[in-house]
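Next comes start-v2.csv, with CSV, C-alpha atoms and all ligand atoms.
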chain,number,residue,atom,x,y,z
A,29,MET,CA,-53.0,29.3,-19.1
A,30,GLY,CA,-55.5,29.2,-21.9
A,31,ILE,CA,-53.2,27.3,-24.3
A,32,GLU,CA,-54.9,24.6,-26.4
A,33,PHE,CA,-52.6,21.9,-27.6
A,34,GLY,CA,-53.7,20.3,-30.9
A,35,LEU,CA,-52.7,16.9,-32.3
A,36,GLU,CA,-49.9,18.5,-34.4
A,37,ASP,CA,-48.4,20.1,-31.2
A,38,LEU,CA,-48.5,16.7,-29.5
A,39,ALA,CA,-46.8,15.1,-32.5
A,40,LYS,CA,-44.1,17.7,-32.3
A,41,TYR,CA,-43.5,17.2,-28.6
A,42,PRO,CA,-44.4,13.6,-27.9
A,43,PHE,CA,-42.3,13.5,-24.7
A,44,MET,CA,-44.9,15.6,-23.0
A,45,LYS,CA,-47.4,14.1,-20.5
A,46,GLU,CA,-50.3,15.4,-22.6
A,47,ALA,CA,-49.0,13.4,-25.6
A,48,GLY,CA,-48.8,10.2,-23.5
A,49,ASP,CA,-52.3,10.8,-22.2
A,50,TYR,CA,-53.6,11.2,-25.7
A,51,VAL,CA,-52.0,7.9,-26.8
A,52,LYS,CA,-53.3,6.1,-23.7
A,53,LYS,CA,-56.9,7.2,-24.5
A,54,LEU,CA,-56.6,5.3,-27.9
A,55,SER,CA,-56.5,2.1,-25.8
A,56,LEU,CA,-54.2,0.4,-28.3
A,57,ARG,CA,-53.2,-3.2,-27.7
A,58,VAL,CA,-49.7,-4.3,-28.7
A,59,GLU,CA,-51.1,-7.0,-30.9
A,60,ASP,CA,-53.0,-4.3,-32.9
A,61,LEU,CA,-49.6,-2.9,-34.0
A,62,GLY,CA,-49.1,-5.9,-36.3
A,63,GLN,CA,-52.1,-4.7,-38.4
A,64,GLU,CA,-51.7,-2.9,-41.8
A,65,ASP,CA,-53.3,0.2,-40.4
A,66,TYR,CA,-50.3,0.8,-38.2
A,67,ARG,CA,-47.6,0.1,-40.8
A,68,PRO,CA,-46.9,3.8,-41.4
A,69,ALA,CA,-46.4,4.4,-37.6
A,70,VAL,CA,-44.1,1.4,-37.3
A,71,GLU,CA,-42.1,2.6,-40.4
A,72,ARG,CA,-41.7,6.0,-38.9
A,73,ALA,CA,-40.7,4.6,-35.6
A,74,LYS,CA,-38.0,2.5,-37.3
A,75,GLN,CA,-36.9,5.6,-39.2
A,76,ARG,CA,-36.6,7.6,-36.0
A,77,VAL,CA,-34.3,5.0,-34.5
A,78,MET,CA,-32.2,4.5,-37.6
A,79,GLU,CA,-31.7,8.3,-38.0
A,80,ALA,CA,-30.7,8.6,-34.4
A,81,ILE,CA,-28.1,5.8,-34.7
A,82,GLN,CA,-26.7,6.8,-38.1
A,83,LYS,CA,-27.0,10.6,-38.0
A,84,ASN,CA,-27.5,11.5,-34.3
A,85,TYR,CA,-30.5,13.4,-35.6
A,86,ILE,CA,-34.2,12.7,-36.1
A,87,SER,CA,-36.0,14.5,-39.0
A,88,ILE,CA,-38.6,17.1,-38.0
A,89,GLU,CA,-41.0,16.9,-40.9
A,90,ILE,CA,-44.5,15.7,-39.9
A,91,SER,CA,-46.6,14.2,-42.7
A,92,GLU,CA,-49.5,12.8,-40.6
A,93,PRO,CA,-49.6,14.1,-37.0
A,94,ILE,CA,-51.2,10.9,-35.6
A,95,VAL,CA,-48.5,8.7,-37.3
A,96,GLU,CA,-45.8,11.0,-35.9
A,97,LEU,CA,-47.3,10.9,-32.5
A,98,LEU,CA,-47.8,7.1,-32.4
A,99,SER,CA,-44.3,6.5,-33.8
A,100,PHE,CA,-42.7,7.9,-30.6
A,101,PRO,CA,-43.8,5.3,-28.1
A,102,LEU,CA,-43.2,2.7,-30.8
A,103,ALA,CA,-39.7,3.9,-31.3
A,104,LEU,CA,-39.1,3.7,-27.5
A,105,MET,CA,-40.3,0.1,-27.6
A,106,LEU,CA,-37.9,-0.7,-30.4
A,107,VAL,CA,-34.9,0.9,-28.7
A,108,LYS,CA,-35.8,-0.8,-25.4
A,109,ALA,CA,-36.1,-4.2,-27.1
A,110,MET,CA,-32.5,-3.7,-28.5
A,111,ASN,CA,-31.3,-3.4,-24.9
A,112,VAL,CA,-28.1,-1.6,-25.8
A,113,GLU,CA,-27.3,1.1,-23.2
A,114,TYR,CA,-25.4,3.4,-25.5
A,115,ILE,CA,-28.2,3.3,-28.1
A,116,ILE,CA,-30.7,4.2,-25.4
A,117,HIS,CA,-28.5,7.3,-24.6
A,118,ARG,CA,-27.9,8.1,-28.3
A,119,TYR,CA,-31.6,7.9,-29.1
A,120,SER,CA,-32.6,10.1,-26.1
A,121,LEU,CA,-30.2,12.8,-27.2
A,122,ALA,CA,-31.3,12.7,-30.9
A,123,GLU,CA,-34.9,13.1,-29.7
A,124,ALA,CA,-33.9,16.0,-27.5
A,125,ILE,CA,-32.1,17.7,-30.5
A,126,ARG,CA,-35.2,17.1,-32.7
A,127,ALA,CA,-37.4,18.8,-30.0
A,128,GLU,CA,-34.8,21.6,-29.7
A,129,SER,CA,-35.0,22.3,-33.5
A,130,LEU,CA,-38.8,22.6,-33.3
A,131,LEU,CA,-38.9,24.7,-30.2
A,132,LYS,CA,-36.4,27.2,-31.7
A,133,GLU,CA,-39.2,28.1,-34.2
A,134,GLU,CA,-42.0,27.9,-31.7
A,135,LYS,CA,-44.3,30.6,-30.5
A,136,LYS,CA,-43.3,32.1,-27.1
A,137,SER,CA,-46.6,31.1,-25.5
A,138,ILE,CA,-46.2,27.5,-26.5
A,139,ILE,CA,-42.6,27.4,-25.3
A,140,SER,CA,-43.6,28.9,-21.9
A,141,TYR,CA,-46.4,26.3,-21.6
A,142,ILE,CA,-44.2,23.3,-22.4
A,143,PHE,CA,-41.4,24.5,-20.1
A,144,LYS,CA,-43.8,25.1,-17.3
A,145,SER,CA,-45.8,21.9,-17.6
A,146,THR,CA,-42.9,19.5,-18.3
A,147,PHE,CA,-39.8,21.1,-16.7
A,148,ASN,CA,-41.4,23.4,-14.0
A,149,LEU,CA,-39.6,26.4,-15.5
A,150,GLU,CA,-41.4,29.6,-16.1
A,151,PRO,CA,-39.9,31.7,-18.9
A,152,ILE,CA,-41.4,35.2,-19.2
A,153,SER,CA,-41.9,36.7,-22.6
A,154,VAL,CA,-40.1,40.1,-23.0
A,155,LYS,CA,-40.4,42.9,-25.5
A,156,HIS,CA,-36.8,43.7,-26.3
A,157,GLU,CA,-34.9,44.0,-29.5
A,158,LEU,CA,-32.1,41.6,-28.4
A,159,PHE,CA,-34.0,39.1,-26.2
A,160,ASP,CA,-37.1,37.0,-26.3
A,161,LEU,CA,-37.5,35.7,-22.8
A,162,LYS,CA,-36.2,36.0,-19.3
A,163,ILE,CA,-35.9,33.3,-16.5
A,164,LYS,CA,-35.1,33.5,-12.8
A,165,LEU,CA,-31.4,33.8,-12.1
A,166,ILE,CA,-31.5,30.7,-9.9
A,167,GLU,CA,-33.1,28.7,-12.7
A,168,TYR,CA,-30.4,29.9,-15.1
A,169,LEU,CA,-27.5,29.0,-12.8
A,170,LYS,CA,-28.9,25.5,-12.1
A,171,ARG,CA,-28.6,24.7,-15.8
A,172,ALA,CA,-25.8,26.9,-17.1
A,173,THR,CA,-23.2,25.3,-14.8
A,174,HIS,CA,-23.1,22.3,-17.0
A,175,PHE,CA,-21.9,24.4,-20.0
A,176,HIS,CA,-18.3,25.3,-20.4
A,177,GLU,CA,-18.4,27.8,-23.3
A,178,PRO,CA,-17.7,31.4,-22.2
A,179,GLU,CA,-21.1,32.6,-23.5
A,180,TRP,CA,-22.9,30.7,-20.7
A,181,LYS,CA,-20.8,32.4,-17.9
A,182,LEU,CA,-23.0,34.7,-15.9
A,183,ILE,CA,-20.5,37.5,-16.5
A,184,ASN,CA,-21.4,37.4,-20.2
A,185,ARG,CA,-25.2,37.5,-19.7
A,186,VAL,CA,-27.6,40.3,-19.2
A,187,VAL,CA,-29.0,40.1,-15.7
A,188,ASP,CA,-31.6,42.5,-14.3
A,189,ASN,CA,-33.6,42.4,-11.1
A,190,GLY,CA,-33.0,38.7,-10.5
A,191,PHE,CA,-33.7,37.6,-14.1
A,192,VAL,CA,-31.4,36.5,-16.9
A,193,TYR,CA,-32.4,37.6,-20.4
A,194,LEU,CA,-32.1,35.1,-23.3
A,195,LYS,CA,-32.9,34.5,-26.9
A,196,THR,CA,-35.3,31.7,-27.7
A,197,HIS,CA,-32.6,29.4,-29.1
A,198,GLU,CA,-30.5,30.0,-26.0
A,199,LEU,CA,-33.3,29.1,-23.6
A,200,VAL,CA,-34.1,26.0,-25.7
A,201,ARG,CA,-30.4,24.9,-25.7
A,202,LEU,CA,-30.3,25.3,-21.9
A,203,ILE,CA,-33.1,22.9,-21.5
A,204,ARG,CA,-31.9,20.2,-23.9
A,205,GLU,CA,-30.4,18.1,-21.2
A,206,GLU,CA,-33.8,18.0,-19.4
A,207,ILE,CA,-35.6,16.9,-22.5
A,208,ARG,CA,-33.0,14.2,-23.0
A,209,ARG,CA,-33.4,13.0,-19.4
A,210,THR,CA,-37.2,13.0,-19.7
A,211,ILE,CA,-37.0,10.8,-22.8
A,212,TYR,CA,-34.4,8.6,-21.2
A,213,ASP,CA,-36.5,8.1,-18.1
A,214,ARG,CA,-39.6,7.3,-20.2
A,215,MET,CA,-37.6,4.7,-22.1
A,216,LYS,CA,-36.4,3.1,-18.9
A,217,GLY,CA,-40.0,2.9,-17.7
A,218,VAL,CA,-41.2,1.1,-20.8
A,219,SER,CA,-42.3,-2.4,-20.0
A,220,LEU,CA,-41.8,-4.7,-23.0
A,221,PRO,CA,-44.7,-6.9,-24.0
A,222,SER,CA,-44.4,-9.8,-26.4
A,223,MET,CA,-44.1,-8.0,-29.7
A,224,PRO,CA,-45.9,-8.8,-33.0
A,225,LYS,CA,-43.8,-10.1,-35.9
A,226,ASN,CA,-43.4,-6.8,-37.7
A,227,LEU,CA,-42.0,-5.1,-34.6
A,228,LYS,CA,-39.5,-7.9,-34.0
A,229,GLU,CA,-38.4,-7.6,-37.7
A,230,ALA,CA,-38.0,-3.9,-37.2
A,231,VAL,CA,-35.7,-4.5,-34.2
A,232,HIS,CA,-33.7,-7.0,-36.3
A,233,GLU,CA,-33.4,-4.5,-39.1
A,234,ILE,CA,-32.2,-1.7,-36.8
A,235,SER,CA,-29.6,-4.1,-35.2
A,236,ARG,CA,-28.0,-4.5,-38.5
A,237,VAL,CA,-27.1,-0.8,-38.7
A,238,LEU,CA,-25.4,-0.6,-35.3
A,239,PRO,CA,-21.8,0.5,-35.4
A,240,PRO,CA,-19.4,-2.3,-34.9
A,241,ARG,CA,-18.1,-2.5,-31.3
A,242,SER,CA,-14.5,-1.4,-31.3
A,243,ASP,CA,-12.1,-3.8,-29.6
A,244,LYS,CA,-9.6,-0.9,-29.5
A,245,PHE,CA,-11.7,0.4,-26.6
A,246,GLN,CA,-10.6,-2.6,-24.6
A,247,ARG,CA,-7.0,-2.2,-25.8
A,248,VAL,CA,-6.6,1.4,-24.6
A,249,THR,CA,-8.1,0.6,-21.2
A,250,PRO,CA,-5.2,-0.5,-19.0
A,251,ASP,CA,-5.9,-1.2,-15.4
A,252,LYS,CA,-3.4,1.4,-14.3
A,253,PHE,CA,-5.3,4.6,-15.2
A,254,PRO,CA,-5.8,7.3,-12.6
A,255,PRO,CA,-9.3,7.5,-11.0
A,256,CYS,CA,-10.2,10.6,-13.1
A,257,ILE,CA,-9.5,8.8,-16.3
A,258,ILE,CA,-11.3,5.7,-15.2
A,259,TYR,CA,-14.3,7.9,-14.5
A,260,THR,CA,-14.3,9.5,-18.0
A,261,LEU,CA,-13.9,6.1,-19.7
A,262,ASP,CA,-16.6,4.7,-17.6
A,263,LEU,CA,-19.1,7.4,-18.7
A,264,ILE,CA,-18.2,6.7,-22.3
A,265,LYS,CA,-18.6,3.0,-21.9
A,266,LYS,CA,-22.0,3.5,-20.5
A,267,GLY,CA,-22.9,5.8,-23.4
A,268,GLN,CA,-23.4,8.8,-21.1
A,269,ASN,CA,-22.5,12.3,-21.9
A,270,LEU,CA,-19.0,13.4,-21.0
A,271,SER,CA,-18.5,17.2,-20.5
A,272,HIS,CA,-16.3,19.0,-23.0
A,273,TYR,CA,-13.6,19.3,-20.3
A,274,GLY,CA,-13.9,15.6,-19.5
A,275,ARG,CA,-13.2,14.9,-23.2
A,276,PHE,CA,-10.3,17.3,-23.2
A,277,LEU,CA,-8.8,15.5,-20.2
A,278,LEU,CA,-9.3,12.1,-21.7
A,279,THR,CA,-7.9,13.1,-25.1
A,280,THR,CA,-4.8,14.9,-23.7
A,281,TYR,CA,-4.1,12.0,-21.3
A,282,LEU,CA,-4.3,9.3,-24.0
A,283,LEU,CA,-2.1,11.3,-26.3
A,284,SER,CA,0.4,11.8,-23.5
A,285,ILE,CA,0.7,8.0,-23.0
A,286,GLY,CA,1.3,7.5,-26.7
A,287,LYS,CA,-2.2,6.6,-28.1
A,288,SER,CA,-2.7,7.6,-31.7
A,289,VAL,CA,-5.4,10.0,-32.9
A,290,ASP,CA,-7.3,7.1,-34.5
A,291,ASP,CA,-7.2,5.0,-31.4
A,292,ILE,CA,-8.7,7.9,-29.4
A,293,ILE,CA,-11.4,8.6,-32.0
A,294,ASP,CA,-12.4,4.9,-31.8
A,295,ILE,CA,-13.3,5.4,-28.2
A,296,TYR,CA,-15.9,8.0,-28.7
A,297,PRO,CA,-18.6,6.4,-30.9
A,298,ARG,CA,-20.5,5.3,-27.7
A,299,SER,CA,-20.9,9.0,-26.8
A,300,PRO,CA,-24.5,10.0,-27.3
A,301,ASP,CA,-23.6,13.0,-29.4
A,302,PHE,CA,-20.8,11.4,-31.4
A,303,ASN,CA,-19.9,13.1,-34.7
A,304,GLU,CA,-16.9,11.6,-36.3
A,305,ARG,CA,-15.9,14.7,-38.3
A,306,MET,CA,-16.1,16.9,-35.3
A,307,THR,CA,-14.4,14.4,-33.0
A,308,ARG,CA,-11.5,14.1,-35.4
A,309,TYR,CA,-11.2,17.8,-35.7
A,310,GLN,CA,-11.1,18.2,-31.9
A,311,VAL,CA,-8.6,15.4,-31.3
A,312,GLU,CA,-6.3,16.6,-34.0
A,313,HIS,CA,-6.5,20.1,-32.7
A,314,ILE,CA,-5.6,18.9,-29.2
A,315,ALA,CA,-2.8,16.8,-30.7
A,316,GLY,CA,-1.3,19.9,-32.3
A,317,MET,CA,-2.0,18.8,-35.9
A,318,ARG,CA,-4.2,21.8,-36.7
A,319,GLY,CA,-4.4,25.5,-36.4
A,320,GLY,CA,-1.6,27.0,-34.2
A,321,ARG,CA,0.1,23.5,-34.0
A,322,ARG,CA,0.0,23.7,-30.2
A,323,ARG,CA,-0.1,20.3,-28.5
A,324,TYR,CA,-2.1,20.6,-25.3
A,325,LYS,CA,-0.9,19.2,-22.0
A,326,VAL,CA,-2.9,17.1,-19.6
A,327,PRO,CA,-4.6,19.5,-17.1
A,328,SER,CA,-3.3,19.7,-13.6
A,329,CYS,CA,-5.0,17.8,-10.7
A,330,ARG,CA,-5.9,21.2,-9.2
A,331,THR,CA,-7.7,22.4,-12.4
A,332,LEU,CA,-9.5,19.0,-12.7
A,333,ALA,CA,-10.7,19.4,-9.1
A,334,THR,CA,-12.3,22.7,-10.0
A,335,HIS,CA,-14.1,21.0,-12.9
A,336,GLY,CA,-15.4,18.2,-10.6
A,337,LEU,CA,-13.3,15.6,-12.4
A,338,CYS,CA,-10.9,14.7,-9.6
A,339,PHE,CA,-11.6,11.4,-7.7
A,340,LYS,CA,-8.4,11.4,-5.7
A,341,ASP,CA,-7.1,8.2,-4.3
A,342,LYS,CA,-5.4,9.2,-1.1
A,343,ILE,CA,-2.5,6.8,-1.5
A,344,LEU,CA,-2.1,6.4,-5.2
A,345,CYS,CA,-2.7,10.1,-6.1
A,346,ALA,CA,-0.4,11.4,-3.3
A,347,LYS,CA,2.4,13.6,-4.4
A,348,ILE,CA,1.3,14.0,-8.0
A,349,ARG,CA,0.2,17.3,-9.6
A,350,SER,CA,-1.0,15.8,-12.9
A,351,PRO,CA,-2.8,12.6,-14.0
A,352,PHE,CA,0.2,12.2,-16.3
A,353,GLN,CA,2.4,11.5,-13.2
A,354,PHE,CA,0.1,8.8,-11.9
A,355,GLY,CA,1.9,5.6,-11.4
A,356,LYS,CA,5.2,7.2,-12.3
A,357,LYS,CA,6.3,8.8,-9.0
A,358,PRO,CA,7.4,6.5,-6.3
A,359,LEU,CA,4.8,6.4,-3.4
A,360,PHE,CA,7.4,5.6,-0.8
A,361,LYS,CA,11.0,6.8,-0.3
A,362,LYS,CA,13.7,4.3,0.4
A,363,LYS,CA,15.9,4.9,3.4
A,364,SER,CA,19.6,4.4,3.0
A,365,THR,CA,19.2,1.4,5.4
A,366,GLY,CA,17.1,-0.3,2.9
A,367,GLN,CA,14.0,0.1,5.0
A,368,ILE,CA,11.0,1.6,3.4
A,369,ARG,CA,9.2,4.6,4.9
A,370,GLU,CA,6.3,6.7,3.8
B,401,LIG,S1,-5.5,13.5,-8.0
B,401,LIG,FE1,-5.0,13.9,-10.1
B,401,LIG,S2,-4.7,11.9,-11.0
B,401,LIG,FE2,-5.7,11.6,-9.0
B,401,LIG,S3,-7.9,11.5,-9.6
B,401,LIG,FE3,-7.4,13.6,-9.0
B,401,LIG,S4,-7.0,14.6,-11.0
B,401,LIG,FE4,-6.8,12.4,-11.3
If you took the structure in this file and wrote it as C-alpha cells, what would it be?
Ligand code: SF4
Amino acid sequence: MGIEFGLEDLAKYPFMKEAGDYVKKLSLRVEDLGQEDYRPAVERAKQRVMEAIQKNYISIEISEPIVELLSFPLALMLVKAMNVEYIIHRYSLAEAIRAESLLKEEKKSIISYIFKSTFNLEPISVKHELFDLKIKLIEYLKRATHFHEPEWKLINRVVDNGFVYLKTHELVRLIREEIRRTIYDRMKGVSLPSMPKNLKEAVHEISRVLPPRSDKFQRVTPDKFPPCIIYTLDLIKKGQNLSHYGRFLLTTYLLSIGKSVDDIIDIYPRSPDFNERMTRYQVEHIAGMRGGRRRYKVPSCRTLATHGLCFKDKILCAKIRSPFQFGKKPLFKKKSTGQIRE
C-alpha cells in the first residue's frame, strides 16, 4: 500500500500489530523495567491507567514517541496485575476513545491502512463536499446494528451502489468497539511475569484511586428479578458495555420497583464508559425530574424482544407483557374445587 509507519504513528496507535512487533524487536526483559532509563515509560503507563480510571479518558499528547509506545504494553501489565475485571473493561474503552480522538484528525491514507491491517475493513477515500470515505454496505450494517441513535439507521444514511458514505469521525466512531475489543483481547493475553519493585509500587498506587465498591449494588439485586433484568445487571457487574436500550430498561425497571435515583446511579460506576454527570442526567430524565417531566414506563416484553433483551423463562414469564408484571401475576389459576390447574 506504500504507507510507511514511523515511530510517532506507532506511538499513536500502539494496539496495532506493527507497534507490538516494534517493541518485541527491542528484546526488553521485565527486570530492565526497574532501571532509571525506563522511569518515564513507567510513569506514563501509570498515568494512562489513572486517567482511564478517574476520567474515562487517556490524554493524547505525545512528548517522546518511544516513551509513549513503551508505556502501552506497560500499562496493560499494570491493569492485568490489578486483576479487577471492570477496570480491564474501563481501561480498554478509554484506550479506544484515545485512539478515536487521534484517528478523527488523521490522514485518510493512514486511516485506510490501519483499518485494513487491523480490522480487515477497507474504507475508500471519496472526493465529496459532505463525505470523506465510503465502506461496503455489509460492513456498515455489521457495525451499525449496535447503535441505537437514529443517525445510524440506514434510512438516514447516503447509500450508493452498495457503499455507505461517511464522514471521518463517523467511520472512526463506528470502529471504536473493535478497537476496544482488540485492546481487551491483548490485555487478556498478557502473561504476568514477576514484576520489579517500581512496577509493583505503581500497581499499589493505582489501586488506591479505585472507586469504592458500592454495597448498594448488592442491596438492589433481589433474587426475584426477571431474566432480562438479571442479564443487564450481570453485564454491569462484569464491567461490560450495556446498550443504551439495556440501560433504559434497567433504569425504568428499578424506578418502577421504587429504587431511588441515587440507588440507580450507584449501580453504573462499573460500566466501562461511566460518567456520573451524564448518568445522573439520564436517570433523572427517565424518572421525569427533567425536561418535559415525563416519567418513562418499563418497555413491553415485545419491544424488548426486538432489541434482543428478552431471555424469556417459559414458566415464570408466561402471561406477562412487561417485566414490571414479573412475579406479580399468578402463574396458575385456582379452581373453585381448591385444586390447582395451569
Ligand atoms: S418475557 Fe418479559 S420479563 Fe421475561 S425475560 Fe422477556 S422481557 Fe423480560
Shortest interatomic distance to A:Phe191 - which of A:Leu220, A:Leu169, A:Ala333, A:Ile211, counting all atoms listed in the file: A:Leu169
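Residues in contact with ligand LIG 401 (chain B) (atom pairs separated by at most 6 Å; all atoms listed in the file) are Pro254, Pro255, Cys256, Cys329, Leu332, Cys338, Phe339, Lys340, Asp341, Cys345, Ser350, Pro351 and Phe354 of chain A.
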Counting all atoms listed in the file, note down every residue that has an atom within 12 Å of the point (-44.3, 28.6, -26.9) (file coordinates), as JSON, numbers by chain. {"A": [29, 31, 32, 33, 37, 41, 130, 131, 132, 133, 134, 135, 136, 137, 138, 139, 140, 141, 142, 143, 144, 145, 150, 151, 152, 153, 160, 161, 196, 197, 199, 200]}
Nearby residues (only C-alpha atoms) at most 8 Å from A:Val289, same-chain spacing under 5 positions excluded, as a list of chain:residue names: A:Leu283, A:Arg308, A:Val311, A:Glu312, A:Ala315
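You will find atom CA of A:Arg323 at 12.6 Å from atom CA of A:Leu282.
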